[in-house]
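These notes are about the structure you will find just below.
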2 protein chains.
Amino acid sequence: MDFPDFSLDTSLLEKAKEPEPEVIYDLLIVGGGPAAMSAAVYAARKMMNLAIITKDFGGQIRETSEVENWLGFQSINAKDLADSFEEHVKGFDIPVSLGASITEVKREVHAFKVLTDDSKIYSSRTLIIATGKRHRPLNVPGEKELVGRGVAYCATCDAPFFKGKKVVVAGGGNSAFTTAVDLLKVGAEVILVNFIKGWQADESLQERMKQTDNVNLLDYHQVVKIEGKDSVTGVVVKNRENEKEEKIDANGVFIEIGLLPNNEPIKNLVELNEQGEVIVDCSCKTSVEGLFGAGDVTTVPHKQIVISAGEGAKAALSAYNYLINKFLI
Amino acid sequence: MDFPDFSLDTSLLEKAKEPEPEVIYDLLIVGGGPAAMSAAVYAARKMMNLAIITKDFGGQIRETSEVENWLGFQSINAKDLADSFEEHVKGFDIPVSLGASITEVKREVHAFKVLTDDSKIYSSRTLIIATGKRHRPLNVPGEKELVGRGVAYCATCDAPFFKGKKVVVAGGGNSAFTTAVDLLKVGAEVILVNFIKGWQADESLQERMKQTDNVNLLDYHQVVKIEGKDSVTGVVVKNRENEKEEKIDANGVFIEIGLLPNNEPIKNLVELNEQGEVIVDCSCKTSVEGLFGAGDVTTVPHKQIVISAGEGAKAALSAYNYLINKFLI
């Protein structure tokens, strides 16, 4: 911050063994999804001295095709939306380490030391972790190639695009069943494919599904291949009992076999829940003073673009208030 | 919801003395600001049977001029932004009671009965209260007329527009002082005007402010008039000690004398904090089962458009999950 009479006291920062970074930022944002980008916009407008470390901008938005639930747009191409967010952030003069990941975070007395995989060291008084989640992929041929063209990971985002279509849902837990419910509601025909023997979803949800038309339950089956050129046309599944393969004509595949929080560099520093999510309160505070969490990497419920953007704004304003209280007054 | 095998059991709903409403909604959204509109979009895409009761669409967005912190837009006219939100909502086939307010809410066994000021009765299994806050106005000539043209209520939103300008801040508490800090940072000259004798902001913040150039502190003064035709040109203040009036040439007036949550119809139903805000957890649940809160009327920190939009989405998805668990499975 460059407010004249509110200079920060830097003398308390412990000297590290590494060469001391020249700049001590007010805020370092780690991540490039909606939470991180929204945090950056809010922090920049508060004239905080900040930097961003991220592999890329857009996050999980770039895994979907159309977005119909970003307020203000009946429908917007996901790439266009991500690009508009990115442009907004780049409209501010914020240093960005693009293509970098953080490998280690150390809490010092009044600042965090952050190491990146390109061997840079950052120092910052506050930190926002907005590294998101990654989908556990099936790792089958056709999956990567057809993301956003039939291969989907978010029913709330994408189910409405499969009205009247035939869709395979890979997974056997609650999120797979909820995805099936969302698809059935838009009039899709659903084939649930469960790798493990025995469904893991709540019994009641299983019972309902068994009584419902337009659902086919394939237990102990494995998706081995997703077929299609411009969009998904079929899915090859293997019966794990008898090893027989079968091709299902389908227009879509929802992959609901879990999400993994990208918590690696901070998992020994901050409190996580059982799923590995960073525990935050309603103002995005974590268990570590000065460390804030925003978006899908945290315990915030319902992973959605607009929710993450809101959380990012909250985290930035909470970091700002923390600095005001801690260092400035 | 119109999913075939998931019909809701309506027999448990107690008969009220009023004529029974024909429709029992899945969700009733009360309010028309960003939280309510975002909730509506999410609920509609979940195919919930919902209705909206609101005086108008746009909420507090319509009190500002330009918005620079809605992700994806470097800058957007506030009216255009509010209009785009409204259009998005109206793209779905949702019944809207426009111009109406709720006057009473009753919790029945499995539904809420809601009465409006135009004597309509609604019945709904879940309810989202997103009625926002209203600014405590100064109630002086020129205030209403110049809103968005020099008269502002949100430093985070509007301070950057007053770079190098002279600005009066009405108020003597922390939010007035924080507004002053935000304005000083963009290089504005600030005159703080406090109605009550003695400043209410934290001592430390007061001390800092007294040592800062470009701030003039007028204690025990009253703003009596805001002058200007197309935009603010001056502010008349009265010294309450000697009753002498003085005109200050200024380009802006920030009014920071408090916000009032619009909690009236539900204040006896649900737990509120000391400020009258509806207490919500991080998933927008209130103390009453089936009743969710979103946006500025709640305890959510940092009142911002994108935060409210995120909270609205959360509330809708939480209401959806509640219905799934309570009535469908």
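Residues in the structure tokens are named by chain (A, B, ... in the order shown) and by number from 1 within that chain; ligands are numbered from 1 in the order shown.
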
Taking only C-alpha atoms into account, what are the residues of chain A at most 7 Å from chain B, put as a compact mmCIF listing (two decimals) with N, CA and C atoms, in the first residue's frame?
```txt
# COMPACT_ATOMS: atom_id res chain seq x y z
N PHE A 3 -0.05 4.43 0.86
CA PHE A 3 -0.68 5.54 1.54
C PHE A 3 0.35 6.20 2.44
N ASP A 5 1.01 8.14 5.20
CA ASP A 5 1.26 8.07 6.63
C ASP A 5 1.05 6.69 7.24
N SER A 38 -11.08 -12.65 -8.78
CA SER A 38 -11.93 -11.69 -8.06
C SER A 38 -11.16 -11.06 -6.91
N VAL A 41 -8.89 -8.35 -8.29
CA VAL A 41 -9.60 -7.11 -8.64
C VAL A 41 -9.89 -6.30 -7.37
N TYR A 42 -10.38 -6.97 -6.34
CA TYR A 42 -10.70 -6.26 -5.11
C TYR A 42 -9.45 -5.69 -4.43
N ASN A 69 -25.02 -19.74 -15.79
CA ASN A 69 -25.36 -19.29 -14.44
C ASN A 69 -24.43 -18.21 -13.92
N LEU A 71 -24.32 -14.55 -13.51
CA LEU A 71 -25.38 -13.56 -13.50
C LEU A 71 -25.13 -12.45 -14.55
N GLY A 72 -26.15 -12.20 -15.34
CA GLY A 72 -26.03 -11.16 -16.36
C GLY A 72 -25.94 -11.72 -17.77
N PHE A 73 -25.66 -13.00 -17.87
CA PHE A 73 -25.57 -13.65 -19.18
C PHE A 73 -26.48 -14.88 -19.23
N GLN A 74 -27.48 -14.84 -20.09
CA GLN A 74 -28.31 -16.03 -20.29
C GLN A 74 -27.42 -17.20 -20.64
N SER A 84 -12.68 -12.70 -20.28
CA SER A 84 -13.10 -11.39 -19.77
C SER A 84 -12.62 -11.19 -18.33
N PHE A 85 -12.62 -12.27 -17.55
CA PHE A 85 -12.09 -12.20 -16.18
C PHE A 85 -10.59 -11.88 -16.22
N HIS A 88 -9.88 -8.34 -17.12
CA HIS A 88 -10.18 -7.45 -15.99
C HIS A 88 -8.97 -7.38 -15.05
N LYS A 185 -34.01 -34.87 -14.82
CA LYS A 185 -34.94 -33.73 -14.79
C LYS A 185 -35.01 -32.99 -16.11
N SER A 204 -31.34 -44.43 0.17
CA SER A 204 -32.61 -43.87 -0.28
C SER A 204 -32.49 -43.36 -1.72
N LEU A 205 -31.38 -42.76 -2.01
CA LEU A 205 -31.14 -42.24 -3.36
C LEU A 205 -31.01 -43.41 -4.35
N THR A 212 -36.80 -45.64 -10.97
CA THR A 212 -36.99 -44.60 -11.97
C THR A 212 -36.72 -45.15 -13.38
N CYS A 282 -16.69 -17.88 7.59
CA CYS A 282 -17.49 -17.16 6.59
C CYS A 282 -16.80 -15.91 6.06
N SER A 283 -15.67 -15.52 6.67
CA SER A 283 -14.95 -14.38 6.11
C SER A 283 -13.64 -14.82 5.47
N VAL A 300 -15.85 -24.10 1.49
CA VAL A 300 -17.07 -23.41 1.05
C VAL A 300 -17.98 -24.42 0.33
N PRO A 301 -19.28 -24.41 0.63
CA PRO A 301 -20.15 -25.38 -0.03
C PRO A 301 -20.49 -24.95 -1.45
N HIS A 302 -20.85 -25.93 -2.29
CA HIS A 302 -21.33 -25.66 -3.65
C HIS A 302 -20.27 -24.98 -4.52
N VAL A 306 -19.71 -18.21 -9.55
CA VAL A 306 -20.14 -16.99 -8.86
C VAL A 306 -19.86 -17.08 -7.36
N ILE A 307 -19.95 -18.28 -6.82
CA ILE A 307 -19.64 -18.45 -5.40
C ILE A 307 -18.15 -18.22 -5.16
N ALA A 309 -16.13 -16.46 -7.00
CA ALA A 309 -15.83 -15.04 -7.21
C ALA A 309 -16.20 -14.24 -5.95
N GLY A 310 -17.33 -14.57 -5.34
CA GLY A 310 -17.74 -13.91 -4.11
C GLY A 310 -16.75 -14.18 -2.98
N GLU A 311 -16.31 -15.42 -2.89
CA GLU A 311 -15.35 -15.78 -1.84
C GLU A 311 -14.01 -15.08 -2.04
N ALA A 313 -13.54 -12.14 -3.41
CA ALA A 313 -13.73 -10.75 -2.98
C ALA A 313 -13.67 -10.66 -1.45
N LYS A 314 -14.37 -11.58 -0.80
CA LYS A 314 -14.37 -11.63 0.67
C LYS A 314 -12.95 -11.78 1.21
N ILE A 329 -2.71 0.51 12.13
CA ILE A 329 -3.33 1.30 13.20
C ILE A 329 -3.10 0.67 14.56
```

**Study point:** helix (DSSP H, G or I) positions in region 10-71 of chain B, given as a VMD selection string
**Key:** chain B and resid 34 to 45 59 to 63

Point to revise | Length of the CA of Pro21 (chain A) to CA of Asp93 (chain A) vector [Å] | key: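 Calculated distance between CA of Pro21 (chain A) and CA of Asp93 (chain A) is 19.5 Å.
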
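CA of Tyr322 (chain B) sits 9.9 Å away from CA of Lys285 (chain B).
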